[in-house]
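Have a look at the structure below before the remarks.
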Amino acid sequence: MQTVDPVSDEVSSNAPSETPSNVRSEAAKKIQKRDAWSRRIPLLPALIFLIAVTQIPFVLSIYYSLTEWTVNPPRPRTFEGVENYTFAFTDDFFRDAAWVTAKMTFWSVVLSVLFGLGMAMLLDRKFRGVGVVRTLVLTPFLVMPVVASLVWKTQMFDASFGMINWFTDQLGLEPYEFVSRRPLWSVIAVLVWQWTPFMMLILLAGLQSQSDSVLEAARVDGATKWGIFRQITLPHLRSYIELCALLGAIYLIQVFDHIVGLAGGVASTRNLPFFVYRTSIGGGWRFGEASAYSIIVVVITIIFATFGLRVLSGLLEGEDAA
Amino acid sequence: MSKSTDVADFGSNRFTGALLSGFTYLLGFMFFFPILWMVLNAFKTEADANGDPVFFFEPTLDQFRLVTEDIPGRASFSAVYTNSFTIVVVSTVIVMILAVPAAFALSVRPIAKWRDVLFFFISTKFLPVVAGILPVYIIGRELDLLNTRWSLIIMYTALNLPLAVWMLRSFFQEVPTELIEAARIDGASLRSQLTSVVLPIVAPGLAATGLLCFIFAWNEFFLSLQLNTSDAQTASVWVTGFESQREDFIAKLSAASTLVVLPVVLAGWVAQKRMIRGLAMGAIK
């Protein structure tokens, strides 16, 4: 009972027992508050910067979207309320663009995740030159999207000079104008080519983080390869696949360069970003209308994003449990 | 030939192992082929590049000479390269300066609502860039930033900041809390906790994050086309200028493309191991 604990002694001398309890708790609150601010301060520069650069344009867009504002031919900007929105919802071109966006994003994400998984499994083995092959497969992700588009258009897909048609010609097939006959799928093909490496990298990290002892135990227990893949590897990869799909969707929903560079913006490849661009500074010059479209796009994306963030929060919860 | 002695998942005998390795080589080659072909075309004459494929030819540097020479009316190669490098490096440095403390405040010494803040960061990545281009353009014009390097530096910083915060946070997450606690008890200030304890551990993560920001910024095209076509033109806009309706251009375009993708491809090759870890983000373990 009489042991002298230097720490508690010090504490009690700092906060003598005569001090009324409310004073003490106020002091504690002050410390807590100061602590909370010292935690927040490192965050603030990044937060303020991002709010300024992303939210100010957003608020301005909302204002523009409520105006009639056509630059060419020039007319004064007038306030007109929700008219742009009611027009947007009846606009077939806008609906088409939404549909193109859905198809383009869905197929490029799904295919690149599938190919990426296959590639990752092939590269998750030990053989001579595996590093070289991984480097080769990685490269399309590093290539500038406009360059990828132009190279595929002029040197791969082209009906007279393209390598694909040269190859099919050797097999005795007719030349095929890929880009003009199947513009949307040509764009998707190049997107998949560029994003498969990205998915492969994430999934490869996932495969390599599997515990060897679990796999070994399953093998000793006589599990088949397919059984191991389905019951151990796939569940383990689940969060990696979710991460792939989420990151892929974030970037692929915004595709612009390939549509311009590869397909020259023909109708069947016009996704929402391209459509908004064409309505505004890309030649339409109907700024009010374009702003309404972009607000609708943002709202739709936020709905999808909430869904995506739920996936993310699942990932974060897994982290808390670990 | 094949040394597939340790086959982890499938192909338990040597023959299927060798077959799988061969198949992987083939796929790797196919993936790389368009890039290889572009580089080969860059060393051909226009006559060889435009026509039936020529596999054996006398390599020439003419195309590189043509695309890098100064022609009035076209931004010069050296100016474009300087612009791109300045914009990308400055924006990546600013991203890191902003993101490192922010990631610290979301992981090592977390604020109360770190999850909400992290989601806010990520949610800004969901906003389509094109949806904000009009106000950005108008603000840029008001502030006299159009056709200067600053417009793109600011925009690329905003584009890459969420990804950087997210990646760095997961790297910080791996720092053992006992280490930081020990430094704090020893009376180390917040800054010295950060610089002497946390940073050395997360240095590889910083490199991976910086590299990814570099890649995305270097390859960006849309904003560069809208905000910055003349005085501060970047490589991605410059290279599209070689597509021509009037004359054969494949060899020239290939040479310009090769020059433009080179920095990022080399950086990616050198740092690929780190990038793999960076992309998987350590968050999921």
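How things are named: the first chain in the structure tokens is A, the next is B, and so on; residues count from 1 in each chain; ligands count from 1 in the order shown.
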
Practice problem: Considering only C-alpha atoms, return as number ranges by chain whatever protein or nucleic-acid residues lie within 9 Å of Leu47 (chain A), sequence-local ones (same chain, fewer than 3 positions apart) excluded. | Solution: A: 43-44, 50-52; B: 98, 102, 117, 121

Could you please take those selected residues and save C-alpha atoms as a compact mmCIF listing (two decimals), in the first residue's frame?
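Saved file out-v1.txt follows:
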```txt
# COMPACT_ATOMS: atom_id res chain seq x y z
CA LEU A 43 -4.25 16.78 -43.06
CA LEU A 44 -5.43 20.31 -43.74
CA LEU A 50 -8.48 19.28 -52.98
CA ILE A 51 -11.67 21.03 -51.88
CA ALA A 52 -10.62 24.20 -53.67
CA LEU B 98 0.67 17.40 -49.45
CA ALA B 102 -2.24 13.81 -44.86
CA VAL B 117 -11.98 11.89 -44.91
CA PHE B 121 -10.39 11.91 -51.08
```

Quiz prompt | Close residues, Ile250 (chain A) itself excluded, 10 Å, only C-alpha atoms, min 5 positions apart in chain, as an MDAnalysis selection string | solution = (chainID A and resid 105 244:245 255 301 304:305 308) or (chainID B and resid 122:123 125:128)

Taking only region 136-203 of chain A into account, list the residues labelled helix (DSSP H, G or I) by DSSP (computed from the backbone), as a tab-separated table (two decimals) with N, CA and C atoms, in the first residue's frame.
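Result file follows (out07.tsv):
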```
chain	number	residue	atom	x	y	z
A	136	LEU	N	7.62	-7.52	-70.08
A	136	LEU	CA	6.99	-7.31	-71.38
A	136	LEU	C	5.49	-7.07	-71.22
A	137	VAL	N	4.86	-7.88	-70.36
A	137	VAL	CA	3.41	-7.77	-70.19
A	137	VAL	C	3.05	-6.45	-69.52
A	138	LEU	N	3.92	-6.00	-68.64
A	138	LEU	CA	3.66	-4.76	-67.91
A	138	LEU	C	3.64	-3.53	-68.84
A	139	THR	N	4.44	-3.59	-69.90
A	139	THR	CA	4.71	-2.39	-70.69
A	139	THR	C	3.48	-1.67	-71.25
A	140	PRO	N	2.46	-2.37	-71.78
A	140	PRO	CA	1.33	-1.61	-72.34
A	140	PRO	C	0.70	-0.64	-71.35
A	141	PHE	N	0.75	-0.96	-70.07
A	141	PHE	CA	0.18	-0.05	-69.07
A	141	PHE	C	0.95	1.27	-69.01
A	142	LEU	N	2.24	1.20	-69.34
A	142	LEU	CA	3.08	2.39	-69.22
A	142	LEU	C	2.97	3.31	-70.44
A	145	PRO	N	-1.76	6.70	-73.38
A	145	PRO	CA	-2.99	6.28	-74.08
A	145	PRO	C	-3.14	6.81	-75.50
A	146	VAL	N	-2.79	8.08	-75.75
A	146	VAL	CA	-2.94	8.56	-77.14
A	146	VAL	C	-1.98	7.83	-78.06
A	147	VAL	N	-0.79	7.53	-77.59
A	147	VAL	CA	0.16	6.79	-78.42
A	147	VAL	C	-0.37	5.39	-78.68
A	148	ALA	N	-0.87	4.73	-77.64
A	148	ALA	CA	-1.44	3.39	-77.81
A	148	ALA	C	-2.54	3.43	-78.86
A	149	SER	N	-3.41	4.43	-78.78
A	149	SER	CA	-4.53	4.52	-79.73
A	149	SER	C	-4.02	4.69	-81.15
A	150	LEU	N	-3.08	5.61	-81.33
A	150	LEU	CA	-2.59	5.88	-82.69
A	150	LEU	C	-1.83	4.68	-83.26
A	151	VAL	N	-1.04	4.04	-82.42
A	151	VAL	CA	-0.27	2.89	-82.90
A	151	VAL	C	-1.21	1.74	-83.27
A	152	TRP	N	-2.20	1.48	-82.45
A	152	TRP	CA	-3.14	0.41	-82.80
A	152	TRP	C	-3.92	0.75	-84.06
A	153	LYS	N	-4.33	2.00	-84.18
A	153	LYS	CA	-5.12	2.37	-85.36
A	153	LYS	C	-4.30	2.22	-86.63
A	154	THR	N	-3.08	2.78	-86.63
A	154	THR	CA	-2.33	2.85	-87.88
A	154	THR	C	-1.51	1.58	-88.15
A	155	GLN	N	-1.12	0.86	-87.10
A	155	GLN	CA	-0.18	-0.24	-87.33
A	155	GLN	C	-0.71	-1.62	-86.98
A	156	MET	N	-1.85	-1.69	-86.25
A	156	MET	CA	-2.41	-2.99	-85.92
A	156	MET	C	-3.74	-3.22	-86.64
A	157	PHE	N	-4.69	-2.29	-86.44
A	157	PHE	CA	-6.05	-2.50	-86.97
A	157	PHE	C	-6.18	-2.15	-88.44
A	163	MET	N	-0.93	-4.95	-88.85
A	163	MET	CA	-0.35	-6.27	-88.65
A	163	MET	C	-1.40	-7.36	-88.46
A	164	ILE	N	-2.54	-7.01	-87.86
A	164	ILE	CA	-3.58	-8.03	-87.66
A	164	ILE	C	-4.08	-8.51	-89.01
A	165	ASN	N	-4.30	-7.55	-89.91
A	165	ASN	CA	-4.78	-7.94	-91.23
A	165	ASN	C	-3.70	-8.64	-92.05
A	166	TRP	N	-2.46	-8.27	-91.81
A	166	TRP	CA	-1.38	-9.00	-92.49
A	166	TRP	C	-1.40	-10.46	-92.04
A	167	PHE	N	-1.60	-10.65	-90.75
A	167	PHE	CA	-1.60	-12.01	-90.19
A	167	PHE	C	-2.80	-12.82	-90.71
A	168	THR	N	-4.00	-12.21	-90.66
A	168	THR	CA	-5.18	-12.94	-91.14
A	168	THR	C	-5.07	-13.19	-92.64
A	169	ASP	N	-4.38	-12.30	-93.34
A	169	ASP	CA	-4.16	-12.47	-94.77
A	169	ASP	C	-3.33	-13.73	-95.04
A	170	GLN	N	-2.34	-13.97	-94.17
A	170	GLN	CA	-1.53	-15.19	-94.32
A	170	GLN	C	-2.39	-16.43	-94.17
A	178	PHE	N	-11.32	-2.92	-88.91
A	178	PHE	CA	-11.77	-3.05	-87.52
A	178	PHE	C	-12.36	-1.75	-86.99
A	179	VAL	N	-11.59	-0.66	-87.13
A	179	VAL	CA	-11.98	0.57	-86.45
A	179	VAL	C	-13.27	1.15	-87.02
A	180	SER	N	-13.44	1.10	-88.35
A	180	SER	CA	-14.67	1.71	-88.87
A	180	SER	C	-15.86	0.76	-88.78
A	181	ARG	N	-15.61	-0.56	-88.82
A	181	ARG	CA	-16.74	-1.49	-88.73
A	181	ARG	C	-17.15	-1.74	-87.28
A	183	PRO	N	-16.13	0.14	-84.14
A	183	PRO	CA	-15.37	1.14	-83.38
A	183	PRO	C	-15.38	0.90	-81.87
A	184	LEU	N	-16.55	0.60	-81.32
A	184	LEU	CA	-16.62	0.44	-79.87
A	184	LEU	C	-15.73	-0.71	-79.40
A	185	TRP	N	-15.79	-1.82	-80.14
A	185	TRP	CA	-14.98	-2.97	-79.71
A	185	TRP	C	-13.50	-2.76	-79.96
A	186	SER	N	-13.18	-1.95	-80.96
A	186	SER	CA	-11.77	-1.61	-81.16
A	186	SER	C	-11.24	-0.83	-79.97
A	187	VAL	N	-12.07	0.13	-79.51
A	187	VAL	CA	-11.66	0.90	-78.34
A	187	VAL	C	-11.52	-0.01	-77.12
A	188	ILE	N	-12.50	-0.89	-76.93
A	188	ILE	CA	-12.44	-1.80	-75.78
A	188	ILE	C	-11.19	-2.68	-75.86
A	189	ALA	N	-10.86	-3.14	-77.08
A	189	ALA	CA	-9.69	-4.01	-77.23
A	189	ALA	C	-8.42	-3.30	-76.76
A	190	VAL	N	-8.26	-2.03	-77.15
A	190	VAL	CA	-7.05	-1.31	-76.75
A	190	VAL	C	-7.07	-1.03	-75.24
A	191	LEU	N	-8.25	-0.73	-74.72
A	191	LEU	CA	-8.35	-0.51	-73.27
A	191	LEU	C	-7.96	-1.77	-72.51
A	192	VAL	N	-8.44	-2.92	-72.99
A	192	VAL	CA	-8.11	-4.18	-72.32
A	192	VAL	C	-6.62	-4.45	-72.42
A	193	TRP	N	-6.06	-4.15	-73.57
A	193	TRP	CA	-4.61	-4.34	-73.77
A	193	TRP	C	-3.82	-3.49	-72.76
A	194	GLN	N	-4.29	-2.27	-72.52
A	194	GLN	CA	-3.56	-1.39	-71.60
A	194	GLN	C	-3.82	-1.72	-70.13
A	195	TRP	N	-5.02	-2.20	-69.81
A	195	TRP	CA	-5.36	-2.38	-68.40
A	195	TRP	C	-5.14	-3.78	-67.88
A	196	THR	N	-5.00	-4.78	-68.78
A	196	THR	CA	-4.68	-6.13	-68.31
A	196	THR	C	-3.41	-6.14	-67.46
A	197	PRO	N	-2.33	-5.45	-67.86
A	197	PRO	CA	-1.12	-5.45	-67.03
A	197	PRO	C	-1.36	-4.89	-65.63
A	198	PHE	N	-2.18	-3.85	-65.56
A	198	PHE	CA	-2.48	-3.24	-64.27
A	198	PHE	C	-3.16	-4.26	-63.34
A	199	MET	N	-4.17	-4.94	-63.89
A	199	MET	CA	-4.88	-5.96	-63.11
A	199	MET	C	-3.92	-7.10	-62.76
A	200	MET	N	-3.08	-7.47	-63.74
A	200	MET	CA	-2.13	-8.56	-63.53
A	200	MET	C	-1.22	-8.23	-62.35
A	201	LEU	N	-0.74	-6.99	-62.27
A	201	LEU	CA	0.17	-6.61	-61.19
A	201	LEU	C	-0.50	-6.78	-59.82
A	202	ILE	N	-1.72	-6.27	-59.70
A	202	ILE	CA	-2.41	-6.36	-58.40
A	202	ILE	C	-2.67	-7.82	-58.05
A	203	LEU	N	-3.16	-8.59	-59.04
A	203	LEU	CA	-3.52	-9.98	-58.75
A	203	LEU	C	-2.28	-10.83	-58.48
```

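Across A:Ser268, A:Thr233, A:Ser108, A:Asn84, the tightest approach to chain B is made by A:Thr233 when counting only C-alpha atoms.
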
Quiz item: If we count only C-alpha atoms, what is near Ala46 (chain A) at a cut-off of 10 Å, once residues fewer than 5 positions away on the same chain are taken out, given as an MDAnalysis selection string?
Solution: (chainID A and resid 41 51:52) or (chainID B and resid 94:103 121 158 161:162 165)

Residues of the last selection are to be written out with C-alpha atoms, as a CSV table (one decimal), in the first residue's frame.
```
chain,number,residue,atom,x,y,z
A,41,ILE,CA,-3.2,20.0,-38.9
A,51,ILE,CA,-11.7,21.0,-51.9
A,52,ALA,CA,-10.6,24.2,-53.7
B,94,ILE,CA,3.7,19.0,-54.6
B,95,VAL,CA,1.5,15.8,-54.4
B,96,MET,CA,4.1,14.2,-52.1
B,97,ILE,CA,4.4,17.3,-49.9
B,98,LEU,CA,0.7,17.4,-49.4
B,99,ALA,CA,0.0,13.7,-49.3
B,100,VAL,CA,2.7,12.5,-46.8
B,101,PRO,CA,1.3,14.5,-43.8
B,102,ALA,CA,-2.2,13.8,-44.9
B,103,ALA,CA,-1.6,10.1,-45.0
B,121,PHE,CA,-10.4,11.9,-51.1
B,158,ALA,CA,-5.5,17.4,-57.8
B,161,LEU,CA,-3.5,13.5,-54.7
B,162,PRO,CA,-6.3,11.1,-53.8
B,165,VAL,CA,-3.0,9.7,-50.0
```

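Neighbouring residues of region 251-259 of chain B at 7 Å or closer, counting only C-alpha atoms and skipping chain neighbours under 3 positions away, are Val147 of chain A; Met38, Val39, Asn41, Ala42, Lys44, Thr45, Glu46, Ala49, Gln63, Phe64, Val67, Val239, Phe242, Glu243 and Leu262 of chain B.
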
For the residues in the current selection, export N, CA and C atoms as a JSON list (two decimals), in the first residue's frame.
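That gives us result.json:
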```
[["chain", "number", "residue", "atom", "x", "y", "z"],
["A", 147, "VAL", "N", -0.79, 7.53, -77.59],
["A", 147, "VAL", "CA", 0.16, 6.79, -78.42],
["A", 147, "VAL", "C", -0.37, 5.39, -78.68],
["B", 38, "MET", "N", 6.06, -0.68, -83.16],
["B", 38, "MET", "CA", 6.17, 0.78, -83.20],
["B", 38, "MET", "C", 7.65, 1.19, -83.20],
["B", 39, "VAL", "N", 8.45, 0.56, -82.33],
["B", 39, "VAL", "CA", 9.87, 0.92, -82.26],
["B", 39, "VAL", "C", 10.58, 0.55, -83.56],
["B", 41, "ASN", "N", 9.22, 0.37, -86.55],
["B", 41, "ASN", "CA", 8.79, 1.32, -87.58],
["B", 41, "ASN", "C", 9.50, 2.66, -87.45],
["B", 42, "ALA", "N", 9.87, 3.00, -86.22],
["B", 42, "ALA", "CA", 10.55, 4.28, -86.00],
["B", 42, "ALA", "C", 11.91, 4.30, -86.69],
["B", 44, "LYS", "N", 12.50, 2.81, -89.63],
["B", 44, "LYS", "CA", 12.35, 2.54, -91.07],
["B", 44, "LYS", "C", 12.20, 3.84, -91.84],
["B", 45, "THR", "N", 12.26, 3.71, -93.17],
["B", 45, "THR", "CA", 11.87, 4.84, -94.01],
["B", 45, "THR", "C", 10.36, 4.82, -94.12],
["B", 46, "GLU", "N", 9.77, 5.97, -94.51],
["B", 46, "GLU", "CA", 8.31, 6.00, -94.66],
["B", 46, "GLU", "C", 7.84, 4.94, -95.66],
["B", 49, "ALA", "N", 7.62, 1.66, -93.94],
["B", 49, "ALA", "CA", 6.63, 1.58, -92.88],
["B", 49, "ALA", "C", 5.21, 1.57, -93.42],
["B", 63, "GLN", "N", 14.02, 9.41, -89.20],
["B", 63, "GLN", "CA", 12.74, 9.83, -88.63],
["B", 63, "GLN", "C", 12.96, 10.60, -87.32],
["B", 64, "PHE", "N", 13.90, 10.10, -86.52],
["B", 64, "PHE", "CA", 14.18, 10.79, -85.26],
["B", 64, "PHE", "C", 14.71, 12.20, -85.55],
["B", 67, "VAL", "N", 11.67, 14.41, -86.62],
["B", 67, "VAL", "CA", 10.70, 14.85, -85.61],
["B", 67, "VAL", "C", 11.33, 15.77, -84.57],
["B", 239, "VAL", "N", 2.68, 14.73, -79.72],
["B", 239, "VAL", "CA", 2.80, 13.51, -80.51],
["B", 239, "VAL", "C", 1.62, 13.32, -81.45],
["B", 242, "PHE", "N", 1.62, 14.42, -85.34],
["B", 242, "PHE", "CA", 2.30, 13.71, -86.43],
["B", 242, "PHE", "C", 1.38, 12.85, -87.26],
["B", 243, "GLU", "N", 0.10, 12.76, -86.83],
["B", 243, "GLU", "CA", -0.86, 12.07, -87.67],
["B", 243, "GLU", "C", -1.23, 13.03, -88.79],
["B", 262, "LEU", "N", 9.30, 6.79, -73.91],
["B", 262, "LEU", "CA", 10.54, 6.26, -73.34],
["B", 262, "LEU", "C", 10.73, 6.52, -71.83]]
```

Quiz item: Near Leu117 (chain A), within 9 Å and counting only C-alpha atoms, which residues show up once chain neighbours fewer than 2 positions away are dropped, as a ChimeraX atom specification?
Solution: /A:112-115,119-122,196,199-200,203-204,241

Exercise. Considering only C-alpha atoms, state which residue in the set A:Glu289, A:Ile302, A:Met144, A:Phe274 is at the smallest distance from Pro263 (chain B).
Key: A:Met144

Practice problem: Would you mind reading off the distance between CA of Val299 (chain A) and CA of Ile111 (chain B), one decimal, in Å? | Solution: 28.6 Å

Exercise. Could you check how far CA of Val59 (chain A) sits from CA of Ala105 (chain B), in Å to one decimal?
Key: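 CA of Ala105 (chain B) lies at a distance of 27.6 Å from CA of Val59 (chain A).
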
Quiz item: From the list B:Arg246, B:Lys273, B:Arg184, B:Arg141, which residue is nearest chain A when using only C-alpha atoms?
Solution: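 Checking each of B:Arg246, B:Lys273, B:Arg184, B:Arg141 against chain A, counting only C-alpha atoms, the winner is B:Lys273.
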